[in-house]
Amino acid sequence: MPTPFQFELLHVDRHTGARRGRLHTPHGAIETPVYMPVGTQASVKAVSPDELNDLGAQIILANTYHLHLRPGEALVQEAGGLHGFMRWDKPILTDSGGFQVFSLAELRKIKEDGVHFQSHLDGSKRFLSPEVSIGVQEKLGADIIMQFDECTAWPCDEKTAEQAMQRTLRWLTRCLDAKTRDDQALFPIVQGAFFPELRSAHAKAVAHLDVPGFGIGGLSVGEPKDVMYAMLEQVCPALPEDKPRYLMGVGTPDCHIEGVIRGVDMFDCVLATRVARNGTLFTRNGRVVIKNAKYAHDFGPIEEGCDCYACRNFSRAYIRHLFKAEEILGLRLASLHNLRFLTRQMEDIRAAIEQDAMVDYMNEFYRTSARGTW
RNA sequence: GGAUGGGUUCCCGAGUGGCUAAAGGGAGCAGACUGUAAAUCUGCCGUCGACGACUUCGGUGGUUCGAAUCCACCCCCAUCCA
C-alpha cells in the first residue's frame with residue numbers, strides 16, 4: 001500500500017527525459033503526465049461529472065477564492081467537502097487564490113500580511129492570506145491544495161519579480177504552519193517571473209522541503225512560448241525527481257508536449273473549455289473555429305477518428321448551427337470534445353513515454369499541426 | 001372616393017437643409033481567448049484602382065451654393081371614414 005501522496009516515477013523516456021508517473025491520493029491514483037480540467041466554481045463549465053469521468057478526466061480543479069466568495073467554504077464543508085458537494089469522487093486540486101492576485105489586479109491590494117480584494121460579485125471587501133487560503137482549502141477538502149502565492153505579470157521587472165518570489169517563499173512557510181490536515185497534499189509554487197536566476201533560486205529554495213509535489217506558477221501569462229520553455233529548463237532540473245511537477249495554467253497541446261519533455265507531470269488550463277464555449281475546437285491539425293462559414297455544409301465530424309461524444313454523433317455543420325443559434329448544446333459538445341482531445345493527448349503521451357517514443361510522438365504532432373498553429 | 005400616418009443602406013429603426021455613407025440594434029463575416037469576473041471580448045459590415053473618389057435614403061421634376069431632410073406631381077403601404 002503506497003504511502004499517501006507517494007509519487008511513483010514509473011519510467012523516463014530515454015531520449016527526452018519525459019516522465020511517466022503515478023501520484024497516489026486519498027481519492028485514487030493519478031497517472032501522469034496528466035491534464036486536469038478546471039472547474040473554478042466546483043463545476044467544469046457545461047460538463048457533468050459523469051461526462052468528465054467518461055472522457056477520461058482523472059482529477060479536476062476548483063478555486064479557493066471563488067468558492068470562498070460563493071457559496072462559502074462552510075457550506076461546502078457542510079455538504080461533505082467538494083467531493084460530496086459536486087459529486088466527484090476522484091481527486092480534486094484547489095488553487096489557492098494566488099492567481100486571482102494577478103488576474104483581479106484592479107480589485108486588490110497586496111500587503112505582506114495578505115491581499116485585500118474587492119469582491120467582483122458585490123464589491124465587498126475581502127481578505128486572503130496564506131492562513132485564510134489554507135483554512136478555506138482545508139474546509140473545501142481537496143486532495144491537493146496549493147500554497148497562497150503572488151503571481152506576476154508579463155512583462156515584469158526584476159525587482160518586482162524578486163519581491164514576489166521572496167514573498168511567495170515567506171508565504172509558503174506560513175501556509176505550511178497553518179496546515180492542519182494530513183490527508184491533503186500542499187504544493188509550494190515556484191515563481192521568479194522570466195528571470196532564469198530567480199527561477200532556479202526559487203526552485204532550489206523549495207526543493208529540499210518535505211512536500212509531496214511542486215507547482216510552477218507565473219507562466220503562460222502572455223510571454224512568448226520560448227521564454228516559458230526556458231524557465232522550465234531552469235526549474236525542473238532543480239526539483240527532486242521523485243516528486244510531481246505541476247505547471248499551472250498550461251495550456252495548449254504544444255505547450256503540453258514541450259512541458260512534458262522538460263520534466264513536467266501535471267497541467268491544468270481553462271483554455272480548452274473557455275475556447276470551446278466560444279466556438280473553437282482542438283484537432284490534430286490545429287484549431288477549428290466552428291462558427292466560420294466554411295463549415296456550414298461540412299457534415300463530417302469535428303475531427304476524423306475522434307472518440308468523443310460530439311464526434312461520434314454530430315457533424316461540424318450541426319455544431320456550427322448550434323453555435324449560430326446560441327443553442328446551449330453547442331458549447332457543451334465543444335467542451336466535451338476539447339476536454340477529450342486533451343485527455344487523449346495525455347493518454348497518448350503516457351503510452352509514448354512508456355515505449356521511449358516521445359520523440360516520435362512529438363514529430364508526428366508537429367507534422368500534422370505545425371508550430372504556431374496553436 | 002376621403003382623412004391621417006408612413007416609405008432610409010440585408011432586416012428593424014434614428015435622422016427633418018451643410019458637422020450624413022447616414023445613430024442604434026439585429027443578422028452576417030472575421031479575430032482573440034493558457035492556475036476562469038468570459039455561453040465573453042474586439043474588429044469589419046454601400047462600391048472602388050479606398051488617408052481619396054463614386055453611387056445611395058419609393059419615383060420624377062424643382063427650390064438652393066448645398067437636399068434623406070423643403071416644394072410639386074406620381075407610385076406603394078398601414079389605419080380610419082364613406
# chains A, B, ... in the order shown; residues from 1 in each chain; ligands from 1
>>> select_by_dssp(residues="stretch 272-330 of chain A", states="strand (DSSP E or B)", output="list in words")
Thr280, Leu281, Phe282, Thr283, Gly286, Arg287, Val288 and Val289 of chain A
>>> interface_residues(of="chain A", to="chain B", cutoff="6 Å", atoms="only C-alpha atoms (C1' of nucleotides)", output="MDAnalysis selection string")
chainID A and resid 99 120 220 248:251 271 277
>>> atom_distance(atom1="atom CA of A:Leu176", atom2="atom CA of A:Gln137")
12.6 Å
>>> select_by_dssp(residues="stretch 95-229 of chain A", states="helix (DSSP H, G or I)", output="ChimeraX atom specification")
/A:98-103,105-107,130-140,158-178,196-207,225-229
>>> residues_around(residues="B:A82", least_positions_apart="5", cutoff="12 Å", atoms="only C-alpha atoms (C1' of nucleotides)", output="list of chain:residue names")
B:G1, B:G2, B:A3
>>> residues_around(residues="A:Glu223", least_positions_apart="5", cutoff="12 Å", atoms="only C-alpha atoms (C1' of nucleotides)", output="list in words")
Thr152, Ala153, Trp154, Pro155, Cys156, Ala193, Phe194, Gly218, Met228, Tyr229, Ala230 and Met231 of chain A; U34 of chain B
>>> closest_residue(among="A:Asn278, A:Gln100, A:Gln166, A:Ser315", to="A:Ala296", atoms="only C-alpha atoms")
A:Ser315
>>> residues_around(residues="B:C73", least_positions_apart="5", cutoff="12 Å", atoms="only C-alpha atoms (C1' of nucleotides)", output="PyMOL selection string")
chain B and resi 59-62
>>> atom_distance(atom1="atom CA of A:Arg181", atom2="atom CA of A:Ser103")
28.8 Å
>>> residues_around(residues="A:Leu186", least_positions_apart="4", cutoff="10 Å", atoms="only C-alpha atoms (C1' of nucleotides)", output="ChimeraX atom specification")
/A:93-94,134,137,143-147,172,175-176,179,181-182,211-215
>>> write_last_selection(atoms="N, CA, C and O atoms", output="PDB file, in the first residue's frame")
ATOM      1  N   LEU A  93      -8.060  19.138  -6.972  1.00  0.00           N
ATOM      2  CA  LEU A  93      -6.993  20.059  -6.583  1.00  0.00           C
ATOM      3  C   LEU A  93      -7.614  21.443  -6.475  1.00  0.00           C
ATOM      4  O   LEU A  93      -8.387  21.839  -7.351  1.00  0.00           O
ATOM      5  N   THR A  94      -7.325  22.151  -5.408  1.00  0.00           N
ATOM      6  CA  THR A  94      -7.804  23.538  -5.341  1.00  0.00           C
ATOM      7  C   THR A  94      -6.643  24.495  -5.492  1.00  0.00           C
ATOM      8  O   THR A  94      -5.575  24.305  -4.896  1.00  0.00           O
ATOM      9  N   ILE A 134      -5.326  28.593   3.301  1.00  0.00           N
ATOM     10  CA  ILE A 134      -5.200  27.205   3.759  1.00  0.00           C
ATOM     11  C   ILE A 134      -6.445  26.804   4.552  1.00  0.00           C
ATOM     12  O   ILE A 134      -6.972  25.696   4.395  1.00  0.00           O
ATOM     13  N   GLN A 137      -9.127  26.109   2.083  1.00  0.00           N
ATOM     14  CA  GLN A 137      -8.838  24.881   1.325  1.00  0.00           C
ATOM     15  C   GLN A 137      -9.020  23.627   2.179  1.00  0.00           C
ATOM     16  O   GLN A 137      -9.398  22.575   1.677  1.00  0.00           O
ATOM     17  N   ASP A 143      -7.849  17.055  -2.470  1.00  0.00           N
ATOM     18  CA  ASP A 143      -6.731  16.156  -2.192  1.00  0.00           C
ATOM     19  C   ASP A 143      -5.405  16.904  -2.249  1.00  0.00           C
ATOM     20  O   ASP A 143      -4.509  16.653  -1.464  1.00  0.00           O
ATOM     21  N   ILE A 144      -5.317  17.790  -3.237  1.00  0.00           N
ATOM     22  CA  ILE A 144      -4.098  18.584  -3.395  1.00  0.00           C
ATOM     23  C   ILE A 144      -4.482  20.044  -3.223  1.00  0.00           C
ATOM     24  O   ILE A 144      -5.462  20.510  -3.836  1.00  0.00           O
ATOM     25  N   ILE A 145      -3.761  20.739  -2.367  1.00  0.00           N
ATOM     26  CA  ILE A 145      -4.019  22.168  -2.186  1.00  0.00           C
ATOM     27  C   ILE A 145      -2.748  22.931  -2.520  1.00  0.00           C
ATOM     28  O   ILE A 145      -1.641  22.375  -2.465  1.00  0.00           O
ATOM     29  N   MET A 146      -2.912  24.173  -2.901  1.00  0.00           N
ATOM     30  CA  MET A 146      -1.767  24.962  -3.338  1.00  0.00           C
ATOM     31  C   MET A 146      -1.452  26.052  -2.323  1.00  0.00           C
ATOM     32  O   MET A 146      -2.328  26.562  -1.636  1.00  0.00           O
ATOM     33  N   GLN A 147      -0.192  26.399  -2.265  1.00  0.00           N
ATOM     34  CA  GLN A 147       0.186  27.494  -1.371  1.00  0.00           C
ATOM     35  C   GLN A 147      -0.393  28.791  -1.907  1.00  0.00           C
ATOM     36  O   GLN A 147      -0.658  28.921  -3.104  1.00  0.00           O
ATOM     37  N   LEU A 172       4.909  30.665   1.846  1.00  0.00           N
ATOM     38  CA  LEU A 172       4.932  29.205   1.897  1.00  0.00           C
ATOM     39  C   LEU A 172       5.107  28.720   3.334  1.00  0.00           C
ATOM     40  O   LEU A 172       4.408  27.804   3.777  1.00  0.00           O
ATOM     41  N   CYS A 175       1.936  29.058   5.072  1.00  0.00           N
ATOM     42  CA  CYS A 175       0.967  28.041   4.629  1.00  0.00           C
ATOM     43  C   CYS A 175       1.261  26.705   5.314  1.00  0.00           C
ATOM     44  O   CYS A 175       0.349  26.028   5.796  1.00  0.00           O
ATOM     45  N   LEU A 176       2.533  26.339   5.333  1.00  0.00           N
ATOM     46  CA  LEU A 176       2.913  25.062   5.955  1.00  0.00           C
ATOM     47  C   LEU A 176       2.586  25.077   7.446  1.00  0.00           C
ATOM     48  O   LEU A 176       2.120  24.077   7.998  1.00  0.00           O
ATOM     49  N   LYS A 179      -1.272  24.740   7.996  1.00  0.00           N
ATOM     50  CA  LYS A 179      -1.862  23.472   7.582  1.00  0.00           C
ATOM     51  C   LYS A 179      -2.046  22.522   8.765  1.00  0.00           C
ATOM     52  O   LYS A 179      -1.128  22.316   9.557  1.00  0.00           O
ATOM     53  N   ARG A 181      -4.436  19.487   8.335  1.00  0.00           N
ATOM     54  CA  ARG A 181      -4.871  18.172   7.863  1.00  0.00           C
ATOM     55  C   ARG A 181      -3.710  17.421   7.230  1.00  0.00           C
ATOM     56  O   ARG A 181      -2.911  18.001   6.495  1.00  0.00           O
ATOM     57  N   ASP A 182      -3.645  16.130   7.480  1.00  0.00           N
ATOM     58  CA  ASP A 182      -2.563  15.373   6.847  1.00  0.00           C
ATOM     59  C   ASP A 182      -3.063  14.519   5.676  1.00  0.00           C
ATOM     60  O   ASP A 182      -2.326  13.727   5.108  1.00  0.00           O
ATOM     61  N   VAL A 211       7.648  18.116   1.045  1.00  0.00           N
ATOM     62  CA  VAL A 211       6.328  18.351   0.448  1.00  0.00           C
ATOM     63  C   VAL A 211       6.122  17.330  -0.662  1.00  0.00           C
ATOM     64  O   VAL A 211       7.102  16.811  -1.207  1.00  0.00           O
ATOM     65  N   PRO A 212       4.868  17.016  -1.011  1.00  0.00           N
ATOM     66  CA  PRO A 212       4.608  15.922  -1.952  1.00  0.00           C
ATOM     67  C   PRO A 212       4.696  16.309  -3.422  1.00  0.00           C
ATOM     68  O   PRO A 212       4.573  15.434  -4.287  1.00  0.00           O
ATOM     69  N   GLY A 213       4.864  17.590  -3.721  1.00  0.00           N
ATOM     70  CA  GLY A 213       4.947  17.981  -5.125  1.00  0.00           C
ATOM     71  C   GLY A 213       5.141  19.476  -5.226  1.00  0.00           C
ATOM     72  O   GLY A 213       5.118  20.179  -4.204  1.00  0.00           O
ATOM     73  N   PHE A 214       5.314  19.958  -6.442  1.00  0.00           N
ATOM     74  CA  PHE A 214       5.632  21.366  -6.639  1.00  0.00           C
ATOM     75  C   PHE A 214       4.822  21.988  -7.773  1.00  0.00           C
ATOM     76  O   PHE A 214       4.643  21.356  -8.826  1.00  0.00           O
ATOM     77  N   GLY A 215       4.379  23.201  -7.547  1.00  0.00           N
ATOM     78  CA  GLY A 215       3.725  23.951  -8.603  1.00  0.00           C
ATOM     79  C   GLY A 215       4.730  24.889  -9.244  1.00  0.00           C
ATOM     80  O   GLY A 215       5.664  25.344  -8.592  1.00  0.00           O
TER      81      GLY A 215
END
>>> closest_residue(among="A:Cys255, A:Leu104, A:Pro237, A:Asp183", to="A:Arg371", atoms="only C-alpha atoms")
A:Cys255
>>> atom_distance(atom1="atom CA of A:Leu232", atom2="atom CA of A:Arg262")
6.6 Å
>>> closest_residue(among="A:Ala293, A:Ile257, A:Cys236, A:Val136", to="A:Val190", atoms="only C-alpha atoms")
A:Cys236
>>> decode(residues="stretch 23-34 of chain B", atoms="N, CA and C atoms (P, O5', C5', C4', C3', O3' and C1' of nucleotides)", output="JSON list (two decimals), in the first residue's frame")
[["chain", "number", "residue", "atom", "x", "y", "z"],
["B", 23, "A", "P", -24.60, 55.35, -39.29],
["B", 23, "A", "O5'", -24.86, 55.58, -37.74],
["B", 23, "A", "C5'", -24.29, 56.71, -37.08],
["B", 23, "A", "C4'", -24.98, 56.95, -35.76],
["B", 23, "A", "C3'", -25.18, 55.71, -34.89],
["B", 23, "A", "O3'", -24.00, 55.36, -34.20],
["B", 23, "A", "C1'", -27.16, 56.98, -34.91],
["B", 24, "G", "P", -23.62, 53.83, -34.02],
["B", 24, "G", "O5'", -24.92, 53.26, -33.29],
["B", 24, "G", "C5'", -25.20, 53.62, -31.94],
["B", 24, "G", "C4'", -26.48, 52.94, -31.50],
["B", 24, "G", "C3'", -26.53, 51.45, -31.78],
["B", 24, "G", "O3'", -25.86, 50.70, -30.79],
["B", 24, "G", "C1'", -28.53, 52.43, -32.54],
["B", 25, "G", "P", -25.20, 49.32, -31.17],
["B", 25, "G", "O5'", -26.47, 48.38, -31.35],
["B", 25, "G", "C5'", -27.33, 48.12, -30.24],
["B", 25, "G", "C4'", -28.54, 47.36, -30.71],
["B", 25, "G", "C3'", -28.28, 46.09, -31.47],
["B", 25, "G", "O3'", -27.96, 45.01, -30.62],
["B", 25, "G", "C1'", -29.92, 47.33, -32.61],
["B", 26, "G", "P", -26.98, 43.86, -31.14],
["B", 26, "G", "O5'", -27.88, 43.11, -32.21],
["B", 26, "G", "C5'", -29.12, 42.52, -31.82],
["B", 26, "G", "C4'", -29.85, 42.01, -33.04],
["B", 26, "G", "C3'", -29.07, 41.08, -33.93],
["B", 26, "G", "O3'", -29.04, 39.76, -33.43],
["B", 26, "G", "C1'", -30.19, 42.67, -35.25],
["B", 27, "A", "P", -27.76, 38.83, -33.70],
["B", 27, "A", "O5'", -27.89, 38.58, -35.27],
["B", 27, "A", "C5'", -29.00, 37.85, -35.80],
["B", 27, "A", "C4'", -28.95, 37.90, -37.31],
["B", 27, "A", "C3'", -27.65, 37.45, -37.93],
["B", 27, "A", "O3'", -27.58, 36.04, -38.05],
["B", 27, "A", "C1'", -28.29, 39.50, -38.90],
["B", 28, "G", "P", -26.16, 35.34, -37.94],
["B", 28, "G", "O5'", -25.36, 35.94, -39.18],
["B", 28, "G", "C5'", -25.76, 35.63, -40.51],
["B", 28, "G", "C4'", -24.88, 36.36, -41.47],
["B", 28, "G", "C3'", -23.40, 36.11, -41.29],
["B", 28, "G", "O3'", -22.99, 34.91, -41.94],
["B", 28, "G", "C1'", -23.77, 38.43, -41.49],
["B", 29, "C", "P", -21.85, 34.05, -41.32],
["B", 29, "C", "O5'", -20.55, 34.94, -41.61],
["B", 29, "C", "C5'", -20.12, 35.17, -42.94],
["B", 29, "C", "C4'", -18.94, 36.11, -42.93],
["B", 29, "C", "C3'", -17.81, 35.70, -42.00],
["B", 29, "C", "O3'", -16.99, 34.67, -42.55],
["B", 29, "C", "C1'", -18.24, 37.99, -41.75],
["B", 30, "A", "P", -16.31, 33.62, -41.57],
["B", 30, "A", "O5'", -15.17, 34.48, -40.85],
["B", 30, "A", "C5'", -14.03, 34.88, -41.57],
["B", 30, "A", "C4'", -13.25, 35.91, -40.79],
["B", 30, "A", "C3'", -12.65, 35.47, -39.46],
["B", 30, "A", "O3'", -11.47, 34.71, -39.64],
["B", 30, "A", "C1'", -13.61, 37.60, -39.22],
["B", 31, "G", "P", -10.97, 33.73, -38.47],
["B", 31, "G", "O5'", -10.37, 34.73, -37.39],
["B", 31, "G", "C5'", -9.23, 35.53, -37.68],
["B", 31, "G", "C4'", -8.99, 36.50, -36.55],
["B", 31, "G", "C3'", -8.74, 35.89, -35.18],
["B", 31, "G", "O3'", -7.40, 35.46, -35.04],
["B", 31, "G", "C1'", -10.27, 37.66, -34.96],
["B", 32, "A", "P", -7.06, 34.33, -33.97],
["B", 32, "A", "O5'", -7.25, 35.06, -32.56],
["B", 32, "A", "C5'", -6.34, 36.08, -32.17],
["B", 32, "A", "C4'", -6.82, 36.69, -30.86],
["B", 32, "A", "C3'", -6.85, 35.73, -29.67],
["B", 32, "A", "O3'", -5.57, 35.66, -29.07],
["B", 32, "A", "C1'", -8.86, 36.96, -29.76],
["B", 33, "C", "P", -5.13, 34.25, -28.43],
["B", 33, "C", "O5'", -5.95, 34.11, -27.06],
["B", 33, "C", "C5'", -5.92, 35.15, -26.04],
["B", 33, "C", "C4'", -7.09, 34.87, -25.10],
["B", 33, "C", "C3'", -6.93, 33.54, -24.37],
["B", 33, "C", "O3'", -7.07, 33.70, -22.95],
["B", 33, "C", "C1'", -9.01, 33.65, -25.57],
["B", 34, "U", "P", -5.82, 33.75, -21.99],
["B", 34, "U", "O5'", -5.37, 32.21, -21.85],
["B", 34, "U", "C5'", -6.24, 31.24, -21.26],
["B", 34, "U", "C4'", -5.38, 30.14, -20.68],
["B", 34, "U", "C3'", -4.36, 30.64, -19.64],
["B", 34, "U", "O3'", -4.39, 29.93, -18.41],
["B", 34, "U", "C1'", -3.28, 29.46, -21.41]]
